[in-house]
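Containing compact mmCIF, C-alpha atoms: start-v5.txt.
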# COMPACT_ATOMS: atom_id res chain seq x y z
CA MET A 1219 -93.03 -119.41 -75.47
CA ALA A 1220 -93.54 -120.68 -71.94
CA VAL A 1221 -94.08 -118.13 -69.23
CA ALA A 1222 -91.02 -119.37 -67.37
CA THR A 1223 -88.98 -118.35 -70.38
CA HIS A 1224 -90.57 -114.89 -70.26
CA PHE A 1225 -89.31 -114.51 -66.71
CA SER A 1226 -85.80 -115.64 -67.63
CA PHE A 1227 -85.29 -112.76 -70.08
CA PRO A 1228 -85.44 -108.97 -69.55
CA VAL A 1229 -88.55 -107.25 -70.78
CA ASN A 1230 -86.83 -105.55 -73.71
CA TYR A 1231 -86.14 -108.97 -75.26
CA VAL A 1232 -89.75 -110.06 -74.90
CA LEU A 1233 -91.11 -106.79 -76.23
CA SER A 1234 -88.71 -106.77 -79.17
CA GLU A 1235 -89.90 -110.26 -80.07
CA ALA A 1236 -93.48 -109.02 -79.91
CA SER A 1237 -92.59 -106.03 -82.05
CA ARG A 1238 -91.36 -108.33 -84.80
CA SER A 1239 -94.71 -110.11 -84.78
CA ARG A 1240 -96.58 -106.93 -85.67
CA GLY A 1241 -95.49 -107.37 -89.30
CA ARG A 1242 -97.03 -105.10 -91.86
CA PHE A 1243 -98.12 -102.46 -89.34
CA ASP A 1244 -94.53 -101.87 -88.20
CA ARG A 1245 -93.12 -101.92 -91.73
CA LYS A 1246 -95.69 -99.39 -92.89
CA LEU A 1247 -94.67 -97.00 -90.12
CA VAL A 1248 -90.97 -97.51 -90.77
CA ARG A 1249 -91.37 -96.82 -94.49
CA ALA A 1250 -93.33 -93.62 -93.79
CA VAL A 1251 -90.70 -92.31 -91.38
CA ALA A 1252 -87.70 -93.36 -93.47
CA SER A 1253 -89.10 -91.76 -96.59
CA GLY A 1254 -89.05 -88.31 -95.01
CA ASP A 1255 -92.62 -87.86 -96.21
CA SER A 1256 -94.45 -84.79 -94.91
CA VAL A 1257 -97.44 -87.01 -94.21
CA ALA A 1258 -97.53 -88.27 -90.63
CA PRO A 1259 -97.17 -92.05 -90.17
CA ALA A 1260 -100.64 -93.58 -90.16
CA ILE A 1261 -101.90 -95.16 -86.94
CA SER A 1262 -104.18 -98.10 -87.53
CA GLU A 1263 -107.69 -98.02 -86.08
CA GLU A 1264 -107.09 -101.64 -85.08
CA THR A 1265 -104.71 -100.41 -82.39
CA LYS A 1266 -107.34 -98.13 -80.84
CA VAL A 1267 -110.15 -98.65 -78.35
CA LYS A 1268 -113.06 -96.52 -77.23
CA LEU A 1269 -112.52 -94.78 -73.93
CA GLY A 1270 -115.42 -95.86 -71.77
CA GLY A 1271 -118.80 -94.76 -73.02
CA SER A 1272 -117.41 -91.70 -74.79
CA ASP A 1273 -116.86 -91.34 -78.54
CA LEU A 1274 -113.13 -90.86 -78.01
CA LYS A 1275 -110.79 -93.55 -79.37
CA VAL A 1276 -107.22 -93.87 -78.10
CA THR A 1277 -104.39 -96.29 -78.73
CA LYS A 1278 -104.48 -99.41 -76.58
CA LEU A 1279 -101.32 -98.25 -74.88
CA GLY A 1280 -100.50 -94.66 -74.03
CA ILE A 1281 -97.45 -92.81 -72.74
CA GLY A 1282 -97.30 -91.13 -69.36
CA VAL A 1283 -95.18 -87.97 -69.20
CA TRP A 1284 -94.99 -87.41 -65.46
CA SER A 1285 -91.19 -87.42 -65.62
CA TRP A 1286 -90.90 -84.71 -68.30
CA GLY A 1287 -89.66 -81.52 -66.69
CA ASP A 1288 -89.66 -83.03 -63.20
CA ASN A 1289 -86.73 -82.81 -60.82
CA SER A 1290 -88.40 -83.62 -57.52
CA TYR A 1291 -89.16 -87.33 -58.03
CA TRP A 1292 -87.64 -88.36 -61.36
CA ASN A 1293 -84.44 -87.57 -63.27
CA ASP A 1294 -82.12 -87.83 -60.25
CA PHE A 1295 -83.45 -84.46 -59.06
CA GLN A 1296 -82.13 -82.51 -62.03
CA TRP A 1297 -83.41 -81.47 -65.45
CA ASP A 1298 -81.09 -80.50 -68.30
CA ASP A 1299 -80.86 -80.23 -72.09
CA ARG A 1300 -79.88 -83.88 -72.43
CA LYS A 1301 -83.05 -85.01 -70.69
CA LEU A 1302 -85.09 -82.54 -72.71
CA LYS A 1303 -83.77 -84.07 -75.95
CA ALA A 1304 -84.46 -87.56 -74.58
CA ALA A 1305 -88.07 -86.63 -73.81
CA LYS A 1306 -88.48 -85.22 -77.32
CA GLY A 1307 -87.09 -88.48 -78.69
CA ALA A 1308 -89.61 -90.45 -76.61
CA PHE A 1309 -92.44 -88.35 -78.02
CA ASP A 1310 -91.39 -88.72 -81.65
CA VAL A 1311 -90.62 -92.43 -81.46
CA SER A 1312 -93.94 -93.11 -79.72
CA LEU A 1313 -95.83 -91.53 -82.61
CA ASP A 1314 -93.59 -93.17 -85.21
CA SER A 1315 -94.29 -96.52 -83.52
CA GLY A 1316 -98.07 -96.15 -83.48
CA ILE A 1317 -98.79 -94.63 -80.06
CA ASP A 1318 -100.51 -91.24 -80.09
CA PHE A 1319 -102.07 -91.04 -76.61
CA PHE A 1320 -100.13 -88.95 -74.06
CA ASP A 1321 -101.11 -88.37 -70.44
CA THR A 1322 -99.90 -85.36 -68.48
CA ALA A 1323 -101.14 -83.16 -65.61
CA GLU A 1324 -100.96 -79.55 -64.52
CA VAL A 1325 -98.80 -80.46 -61.51
CA TYR A 1326 -96.20 -82.46 -63.45
CA GLY A 1327 -93.01 -80.44 -63.57
CA SER A 1328 -94.82 -77.40 -62.16
CA LYS A 1329 -93.39 -74.93 -59.68
CA PHE A 1330 -96.02 -76.15 -57.22
CA SER A 1331 -94.39 -79.59 -57.28
CA LEU A 1332 -90.87 -78.08 -57.32
CA GLY A 1333 -90.37 -79.04 -60.95
CA ALA A 1334 -88.09 -77.45 -63.55
CA ILE A 1335 -90.58 -76.94 -66.38
CA SER A 1336 -94.22 -77.90 -66.85
CA SER A 1337 -94.79 -81.26 -68.52
CA GLU A 1338 -97.77 -79.67 -70.27
CA THR A 1339 -95.52 -76.96 -71.70
CA LEU A 1340 -93.10 -79.55 -73.05
CA LEU A 1341 -95.84 -81.71 -74.53
CA GLY A 1342 -97.42 -78.66 -76.18
CA ARG A 1343 -94.07 -77.67 -77.67
CA PHE A 1344 -93.44 -81.20 -78.98
CA ILE A 1345 -96.91 -81.33 -80.56
CA ARG A 1346 -96.40 -77.97 -82.26
CA GLU A 1347 -93.03 -79.06 -83.66
CA ARG A 1348 -94.53 -82.35 -84.82
CA LYS A 1349 -97.33 -80.57 -86.66
CA GLU A 1350 -94.86 -78.22 -88.30
CA ARG A 1351 -93.19 -81.30 -89.75
CA TYR A 1352 -96.39 -83.28 -90.34
CA PRO A 1353 -99.31 -80.83 -90.75
CA GLY A 1354 -101.83 -83.67 -90.56
CA ALA A 1355 -100.41 -85.24 -87.41
CA GLU A 1356 -102.93 -86.20 -84.74
CA VAL A 1357 -102.06 -86.47 -81.06
CA SER A 1358 -104.49 -87.44 -78.30
CA VAL A 1359 -103.86 -85.52 -75.09
CA ALA A 1360 -105.07 -86.26 -71.58
CA THR A 1361 -104.36 -83.93 -68.68
CA LYS A 1362 -105.56 -83.54 -65.12
CA TYR A 1363 -106.99 -81.02 -62.67
CA ALA A 1364 -105.36 -80.82 -59.23
CA ALA A 1365 -108.02 -80.84 -56.52
CA LEU A 1366 -106.12 -78.55 -54.20
CA PRO A 1367 -107.90 -77.65 -50.92
CA TRP A 1368 -108.20 -73.93 -51.76
CA ARG A 1369 -109.84 -74.61 -55.11
CA LEU A 1370 -113.60 -74.47 -54.81
CA GLY A 1371 -116.48 -74.79 -57.22
CA ARG A 1372 -116.99 -75.71 -60.83
CA GLU A 1373 -115.45 -72.45 -62.02
CA SER A 1374 -112.07 -73.51 -60.67
CA VAL A 1375 -112.09 -76.54 -62.98
CA ILE A 1376 -112.74 -74.44 -66.08
CA SER A 1377 -110.13 -71.86 -65.04
CA ALA A 1378 -107.48 -74.55 -64.48
CA LEU A 1379 -108.38 -76.25 -67.75
CA LYS A 1380 -107.94 -73.03 -69.69
CA ASP A 1381 -104.52 -72.56 -68.08
CA SER A 1382 -103.60 -76.11 -69.12
CA LEU A 1383 -104.78 -75.45 -72.67
CA ALA A 1384 -102.57 -72.35 -72.81
CA ARG A 1385 -99.52 -74.35 -71.75
CA LEU A 1386 -100.39 -77.12 -74.21
CA GLU A 1387 -101.01 -74.57 -76.98
CA LEU A 1388 -104.33 -76.29 -77.75
CA SER A 1389 -107.94 -75.16 -78.00
CA SER A 1390 -109.21 -78.40 -76.44
CA VAL A 1391 -107.96 -81.69 -75.03
CA ASP A 1392 -109.23 -85.19 -75.60
CA LEU A 1393 -109.50 -86.24 -71.95
CA TYR A 1394 -109.68 -84.11 -68.80
CA GLN A 1395 -109.45 -85.86 -65.44
CA LEU A 1396 -109.74 -85.01 -61.76
CA HIS A 1397 -106.25 -86.02 -60.57
CA TRP A 1398 -107.42 -87.11 -57.13
CA PRO A 1399 -110.56 -86.68 -55.00
CA GLY A 1400 -110.66 -83.43 -53.09
CA LEU A 1401 -110.99 -83.17 -49.35
CA TRP A 1402 -114.26 -81.37 -50.08
CA GLY A 1403 -116.12 -79.91 -53.02
CA ASN A 1404 -116.02 -82.97 -55.26
CA GLU A 1405 -119.55 -82.38 -56.54
CA GLY A 1406 -118.45 -78.99 -57.82
CA TYR A 1407 -115.41 -80.51 -59.50
CA LEU A 1408 -117.60 -83.05 -61.30
CA ASP A 1409 -119.97 -80.29 -62.36
CA GLY A 1410 -116.94 -78.48 -63.75
CA LEU A 1411 -116.04 -81.54 -65.83
CA GLY A 1412 -119.55 -81.53 -67.24
CA ASP A 1413 -119.29 -77.83 -68.04
CA ALA A 1414 -115.99 -78.47 -69.86
CA VAL A 1415 -117.69 -81.01 -72.12
CA GLU A 1416 -120.63 -78.71 -72.85
CA GLN A 1417 -118.28 -75.80 -73.63
CA GLY A 1418 -116.39 -77.93 -76.15
CA LEU A 1419 -113.12 -77.71 -74.23
CA VAL A 1420 -112.79 -81.50 -73.90
CA LYS A 1421 -113.99 -84.57 -75.74
CA ALA A 1422 -114.22 -86.83 -72.69
CA VAL A 1423 -113.84 -86.64 -68.91
CA GLY A 1424 -112.50 -88.98 -66.27
CA VAL A 1425 -111.24 -89.27 -62.71
CA SER A 1426 -108.09 -90.63 -61.11
CA ASN A 1427 -107.36 -92.43 -57.85
CA TYR A 1428 -111.09 -92.83 -57.20
CA SER A 1429 -112.39 -95.57 -54.91
CA GLU A 1430 -115.29 -97.78 -55.99
CA LYS A 1431 -117.83 -95.62 -54.11
CA ARG A 1432 -116.46 -92.34 -55.42
CA LEU A 1433 -116.32 -93.82 -58.91
CA ARG A 1434 -119.99 -94.81 -58.78
CA ASP A 1435 -121.00 -91.42 -57.39
CA ALA A 1436 -119.08 -89.60 -60.15
CA TYR A 1437 -120.60 -91.86 -62.79
CA GLU A 1438 -124.15 -91.16 -61.61
CA ARG A 1439 -123.67 -87.40 -61.25
CA LEU A 1440 -122.35 -87.04 -64.80
CA LYS A 1441 -124.94 -89.48 -66.15
CA LYS A 1442 -127.72 -87.12 -65.04
CA ARG A 1443 -126.33 -84.61 -67.55
CA GLY A 1444 -126.01 -87.22 -70.27
CA ILE A 1445 -122.22 -87.22 -70.00
CA PRO A 1446 -120.37 -90.54 -69.71
CA LEU A 1447 -117.56 -90.96 -67.20
CA ALA A 1448 -114.90 -92.23 -69.60
CA SER A 1449 -112.13 -93.39 -67.29
CA ASN A 1450 -110.60 -93.89 -63.86
CA GLN A 1451 -106.81 -93.70 -63.79
CA VAL A 1452 -105.26 -95.75 -61.00
CA ASN A 1453 -102.02 -97.42 -59.98
CA TYR A 1454 -102.25 -100.92 -61.49
CA SER A 1455 -99.62 -103.44 -62.49
CA LEU A 1456 -98.73 -107.10 -62.26
CA ILE A 1457 -97.37 -106.61 -58.76
CA TYR A 1458 -99.80 -103.90 -57.60
CA ARG A 1459 -103.34 -105.20 -58.02
CA ALA A 1460 -105.20 -103.10 -55.47
CA PRO A 1461 -107.86 -102.14 -58.07
CA GLU A 1462 -108.87 -105.80 -58.22
CA GLN A 1463 -108.95 -106.16 -54.46
CA THR A 1464 -110.87 -102.95 -53.72
CA GLY A 1465 -113.60 -103.46 -56.31
CA VAL A 1466 -112.42 -100.60 -58.54
CA LYS A 1467 -111.62 -102.85 -61.51
CA SER A 1468 -114.93 -104.72 -61.34
CA ALA A 1469 -116.86 -101.45 -60.97
CA CYS A 1470 -115.11 -100.05 -64.05
CA ASP A 1471 -116.03 -103.18 -66.00
CA GLU A 1472 -119.65 -103.04 -64.81
CA LEU A 1473 -120.13 -99.35 -65.60
CA GLY A 1474 -118.23 -99.37 -68.87
CA VAL A 1475 -115.55 -97.04 -67.53
CA SER A 1476 -112.06 -97.60 -68.94
CA LEU A 1477 -109.34 -98.23 -66.37
CA ILE A 1478 -106.18 -96.31 -67.27
CA ALA A 1479 -103.23 -97.93 -65.50
CA TYR A 1480 -100.45 -95.65 -64.35
CA SER A 1481 -97.14 -97.14 -63.19
CA PRO A 1482 -97.97 -100.30 -65.20
CA ILE A 1483 -94.35 -101.44 -65.06
CA ALA A 1484 -94.00 -100.33 -61.44
CA GLN A 1485 -91.98 -97.23 -62.36
CA GLY A 1486 -89.35 -99.29 -64.14
CA ALA A 1487 -89.04 -102.11 -61.61
CA LEU A 1488 -90.65 -104.62 -63.98
CA THR A 1489 -88.32 -103.97 -66.90
CA GLY A 1490 -85.30 -105.94 -65.70
CA LYS A 1491 -83.37 -102.64 -65.60
CA TYR A 1492 -82.95 -102.69 -61.84
CA THR A 1493 -81.30 -105.32 -59.65
CA PRO A 1494 -80.70 -105.67 -55.90
CA GLU A 1495 -77.26 -104.17 -56.55
CA ASN A 1496 -78.68 -101.40 -58.76
CA PRO A 1497 -82.00 -100.23 -57.25
CA PRO A 1498 -83.92 -97.21 -58.53
CA SER A 1499 -82.66 -93.82 -57.41
CA GLY A 1500 -84.53 -91.33 -55.27
CA PRO A 1501 -87.88 -92.06 -53.61
CA ARG A 1502 -88.49 -95.07 -55.88
CA GLY A 1503 -85.65 -96.90 -54.14
CA ARG A 1504 -87.64 -96.75 -50.89
CA ILE A 1505 -90.80 -98.10 -52.55
CA TYR A 1506 -89.31 -100.93 -54.63
CA THR A 1507 -87.11 -102.61 -52.04
CA ARG A 1508 -84.21 -105.04 -52.45
CA GLU A 1509 -86.46 -107.95 -51.44
CA PHE A 1510 -88.92 -107.01 -54.14
CA LEU A 1511 -86.27 -106.59 -56.81
CA THR A 1512 -84.63 -109.91 -55.90
CA LYS A 1513 -87.80 -111.87 -56.64
CA VAL A 1514 -88.96 -110.01 -59.72
CA ALA A 1515 -86.84 -109.97 -62.91
CA LEU A 1516 -89.50 -109.79 -65.44
CA ASN A 1517 -91.46 -109.19 -68.46
CA TRP A 1518 -94.65 -107.35 -67.85
CA LEU A 1519 -97.75 -107.18 -69.92
CA VAL A 1520 -101.28 -106.19 -69.15
CA ALA A 1521 -103.54 -109.01 -70.21
CA GLN A 1522 -106.74 -107.69 -68.63
CA GLY A 1523 -109.74 -106.38 -70.48
CA ASN A 1524 -110.82 -102.74 -70.29
CA VAL A 1525 -107.33 -101.54 -69.24
CA ILE A 1526 -105.16 -98.94 -70.99
CA PRO A 1527 -101.61 -98.88 -69.57
CA ILE A 1528 -99.63 -95.64 -69.75
CA PRO A 1529 -95.98 -96.42 -68.95
CA GLY A 1530 -93.71 -93.41 -68.62
CA ALA A 1531 -91.19 -93.00 -71.42
CA LYS A 1532 -88.16 -90.80 -70.71
CA ASN A 1533 -86.31 -91.53 -73.96
CA ALA A 1534 -86.69 -93.00 -77.44
CA GLU A 1535 -85.39 -96.44 -76.46
CA GLN A 1536 -88.04 -96.87 -73.77
CA ALA A 1537 -90.79 -95.65 -76.11
CA LYS A 1538 -89.75 -98.19 -78.75
CA GLU A 1539 -89.78 -101.01 -76.20
CA PHE A 1540 -93.25 -100.06 -74.97
CA ALA A 1541 -94.58 -99.99 -78.55
CA GLY A 1542 -93.57 -103.65 -78.79
CA ALA A 1543 -96.35 -104.50 -76.33
CA ILE A 1544 -98.99 -103.70 -78.96
CA GLY A 1545 -100.34 -106.49 -81.15
CA TRP A 1546 -99.89 -109.56 -78.97
CA SER A 1547 -101.07 -110.90 -75.63
CA LEU A 1548 -100.20 -113.55 -73.10
CA THR A 1549 -102.25 -116.72 -72.92
CA ASP A 1550 -104.59 -117.31 -70.00
CA ASP A 1551 -102.16 -119.86 -68.56
CA GLU A 1552 -99.28 -117.38 -68.79
CA VAL A 1553 -101.35 -114.69 -67.07
CA ALA A 1554 -102.22 -117.10 -64.26
CA GLU A 1555 -98.59 -118.16 -63.81
CA LEU A 1556 -97.36 -114.57 -63.78
CA ARG A 1557 -99.94 -113.76 -61.11
CA SER A 1558 -98.79 -116.75 -59.08
CA LEU A 1559 -95.15 -115.70 -59.26
CA ALA A 1560 -95.98 -112.09 -58.45
CA SER A 1561 -98.09 -113.11 -55.46
CA GLU A 1562 -94.92 -114.26 -53.71
CA ILE A 1563 -93.84 -110.63 -53.46
CA ASN A 1564 -94.84 -108.52 -50.47
CA PRO A 1565 -97.41 -105.86 -51.41
CA VAL A 1566 -95.91 -102.72 -52.92
CA VAL A 1567 -96.68 -99.41 -51.20
CA GLY A 1568 -99.11 -97.23 -53.14
CA PHE A 1569 -99.42 -93.46 -53.22
CA PRO A 1570 -100.98 -91.33 -50.44
CA VAL A 1571 -103.80 -89.98 -52.61
CA GLU A 1572 -105.08 -93.37 -53.68
CA TYR A 1573 -108.64 -94.23 -52.80
CA LEU A 1574 -109.35 -91.36 -50.44

Please, can you express the file's structure as structure tokens?
Amino acid sequence: MAVATHFSFPVNYVLSEASRSRGRFDRKLVRAVASGDSVAPAISEETKVKLGGSDLKVTKLGIGVWSWGDNSYWNDFQWDDRKLKAAKGAFDVSLDSGIDFFDTAEVYGSKFSLGAISSETLLGRFIRERKERYPGAEVSVATKYAALPWRLGRESVISALKDSLARLELSSVDLYQLHWPGLWGNEGYLDGLGDAVEQGLVKAVGVSNYSEKRLRDAYERLKKRGIPLASNQVNYSLIYRAPEQTGVKSACDELGVSLIAYSPIAQGALTGKYTPENPPSGPRGRIYTREFLTKVALNWLVAQGNVIPIPGAKNAEQAKEFAGAIGWSLTDDEVAELRSLASEINPVVGFPVEYL
């Protein structure tokens, strides 16, 4: 299929076509779910990758849950039972479709961020309910520490992590990340990550929104303790390629640090859902402008190496579409043409905490 054809159809068509190509893997999952078996649908090891230099393996595509419980940026500023059920549907369908890696943070949905209910609390509840249905179910969880100015020292990292574990109803998490670099005290935060590994509270550690220099410094500090820096989570998509331009992507590749891409479909702008007449609501409408939406009606797919995208799924339909991105990839020519088309768009505004 020519790349021009990809651009002429909404992303759900392209992803559904890709989903059909996954063949036996999809059918196996469907049979397991339809049978009502108490055994959780199996997730193939072929769909997983190692996270950086750690021993942790996660699915090639994860699900971001920033929107769950939030009413300050997402959900049209309100959270209700309907949206709760939709989030639960997104969780279940993701697992049924072969995605078991979920990324949250202590600030998502929290009172600190004027949210309705903690995203961690919701994810923990969904995991518990899943395991009640499928006792052998496995879910990989990533969460993040907020480097708030009044938090100092390595002890603050362990304290916050234990609070996150309580909300998640877990004894440990797979990946713990520094959500953004602090104004000061970053060495202590990194030491706290190392302590978390040594105390068995996490399997792997990472950072988020780290510049190339900060990334290298974090890598070296953890390396001295024999602990690999597994990941750097940054804003990265077809139309926001700052990690390539700032050296972050190349540094990740060089050091063997996985790049986890948040907002990989530009917060919904790359799905074909929005048009110049129907822009995103709330703050997103000020970021993804009418000019941008006029020129981009797309299908999006990460075709870079060493990148794990984590699109946000608010409902079962979105989760199913995202699962269709697993098992196929664009050709080199298609990647180049998509880049060329996207380069005609004015740069998209990033987030204030990026690359401090």

Q: Have a look at atom CA of A:Ser1290 and atom CA of A:Ala1334 and let me know their distance in Å, one decimal.
A: 8.6 Å

Using only C-alpha atoms, which residues sit within 9 Å of A:Gln1536 once same-chain residues fewer than 5 positions away are excluded, as a PDB file with C-alpha atoms, in the frame of the given file?
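Final output, saved to out_33.pdb:
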ATOM      1  CA  ASN A1230     -86.830-105.550 -73.710  1.00  0.00           C
ATOM      2  CA  ALA A1308     -89.610 -90.450 -76.610  1.00  0.00           C
ATOM      3  CA  GLY A1530     -93.710 -93.410 -68.620  1.00  0.00           C
ATOM      4  CA  ALA A1531     -91.190 -93.000 -71.420  1.00  0.00           C
ATOM      5  CA  ALA A1541     -94.580 -99.990 -78.550  1.00  0.00           C
TER       6      ALA A1541
END

**Q.** Between atom CA of A:Ser1374 and atom CA of A:Gly1406, distance in Å (one decimal)
**A.**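 Atom CA of A:Gly1406 lies at a distance of 8.9 Å from atom CA of A:Ser1374.
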
Q: Identify, on the basis of all atoms listed in the file, every residue whose closest approach to A:Lys1329 does not exceed 12 Å; exclude the query and any residue fewer than 6 positions from it along the same chain; express the result as a VMD selection string.
A: chain A and resid 1287 to 1290 1335 to 1337

Q) Which one of A:Gly1270, A:Pro1259, A:Pro1527, A:Gly1400 sits closest to A:Glu1472 if you count all atoms listed in the file? A)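 With all atoms listed in the file as the atom set, the closest residue is A:Gly1270.
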
Q. With all atoms listed in the file as the atoms that count, which of A:Lys1266, A:Lys1467, A:Lys1362, A:Arg1459 lies nearest to A:Val1420?
A. A:Lys1362

Q.
If I take atom CA of A:Gly1465 and atom CA of A:Arg1439, how far is one from the other in Å, to one decimal?
A. 19.6 Å

Q. Looking at only C-alpha atoms, which of A:Asp1273, A:Asp1299, A:Asp1413, A:Glu1263 is the one that sits closest to A:Arg1443?
A.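 Ranking A:Asp1273, A:Asp1299, A:Asp1413, A:Glu1263 by distance to A:Arg1443, first place goes to A:Asp1413.
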
**Q.** Residue nearest A:Ser1358 among A:Lys1532, A:Lys1421, A:Lys1301, A:Lys1380 (counting only C-alpha atoms)
**A.** A:Lys1421

Q | Best match for closeness to A:Leu1447 among A:Asn1524, A:Leu1370, A:Ser1272, A:Pro1399, counting all atoms listed in the file | A | A:Ser1272

Q | Shortest interatomic distance to A:Ser1449 - which of A:Arg1343, A:Lys1303, A:Lys1268, A:Lys1349, counting all atoms listed in the file | A |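 Closest to A:Ser1449, using all atoms listed in the file: A:Lys1268.
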
With 4 Å added on each side, what axis-aligned box encloses every listed atom of stretch 1280-1292 of chain A? Give the centre and edge lengths in Å to one decimal, as AutoDock Vina command-line options.
--center_x -93.6 --center_y -88.1 --center_z -65.8 --size_x 21.8 --size_y 21.1 --size_z 24.5

Have stretch 1371-1389 of chain A completed to N, CA and C atoms, please, and pass it along as a short mmCIF file (atom, residue, chain, number, x, y, z; two decimals), in the frame of the given file.
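In the end it all went to result.cif:
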data_model
loop_
_atom_site.label_atom_id
_atom_site.label_comp_id
_atom_site.auth_asym_id
_atom_site.auth_seq_id
_atom_site.Cartn_x
_atom_site.Cartn_y
_atom_site.Cartn_z
N GLY A 1371 -115.46 -75.06 -56.22
CA GLY A 1371 -116.48 -74.79 -57.22
C GLY A 1371 -116.11 -75.19 -58.64
N ARG A 1372 -117.15 -75.29 -59.44
CA ARG A 1372 -116.99 -75.71 -60.83
C ARG A 1372 -116.16 -74.74 -61.65
N GLU A 1373 -116.20 -73.45 -61.27
CA GLU A 1373 -115.45 -72.45 -62.02
C GLU A 1373 -113.95 -72.70 -61.94
N SER A 1374 -113.50 -73.26 -60.82
CA SER A 1374 -112.07 -73.51 -60.67
C SER A 1374 -111.58 -74.56 -61.66
N VAL A 1375 -112.45 -75.50 -62.01
CA VAL A 1375 -112.09 -76.54 -62.98
C VAL A 1375 -111.90 -75.92 -64.36
N ILE A 1376 -112.83 -75.08 -64.77
CA ILE A 1376 -112.74 -74.44 -66.08
C ILE A 1376 -111.54 -73.51 -66.15
N SER A 1377 -111.27 -72.77 -65.08
CA SER A 1377 -110.13 -71.86 -65.04
C SER A 1377 -108.82 -72.64 -65.18
N ALA A 1378 -108.70 -73.74 -64.42
CA ALA A 1378 -107.48 -74.55 -64.48
C ALA A 1378 -107.32 -75.19 -65.85
N LEU A 1379 -108.43 -75.64 -66.43
CA LEU A 1379 -108.38 -76.25 -67.75
C LEU A 1379 -107.89 -75.26 -68.79
N LYS A 1380 -108.37 -74.04 -68.73
CA LYS A 1380 -107.94 -73.03 -69.69
C LYS A 1380 -106.45 -72.72 -69.54
N ASP A 1381 -105.96 -72.75 -68.30
CA ASP A 1381 -104.52 -72.56 -68.08
C ASP A 1381 -103.74 -73.72 -68.69
N SER A 1382 -104.25 -74.95 -68.52
CA SER A 1382 -103.60 -76.11 -69.12
C SER A 1382 -103.58 -76.01 -70.64
N LEU A 1383 -104.70 -75.59 -71.21
CA LEU A 1383 -104.78 -75.45 -72.67
C LEU A 1383 -103.77 -74.42 -73.17
N ALA A 1384 -103.56 -73.36 -72.41
CA ALA A 1384 -102.57 -72.35 -72.81
C ALA A 1384 -101.17 -72.94 -72.82
N ARG A 1385 -100.85 -73.72 -71.79
CA ARG A 1385 -99.52 -74.35 -71.75
C ARG A 1385 -99.36 -75.38 -72.86
N LEU A 1386 -100.42 -76.10 -73.17
CA LEU A 1386 -100.39 -77.12 -74.21
C LEU A 1386 -100.48 -76.53 -75.62
N GLU A 1387 -100.82 -75.26 -75.70
CA GLU A 1387 -101.01 -74.57 -76.98
C GLU A 1387 -102.12 -75.24 -77.81
N LEU A 1388 -103.20 -75.62 -77.11
CA LEU A 1388 -104.33 -76.29 -77.75
C LEU A 1388 -105.63 -75.56 -77.42
N SER A 1389 -106.62 -75.75 -78.26
CA SER A 1389 -107.94 -75.16 -78.00
C SER A 1389 -108.83 -76.12 -77.22
#
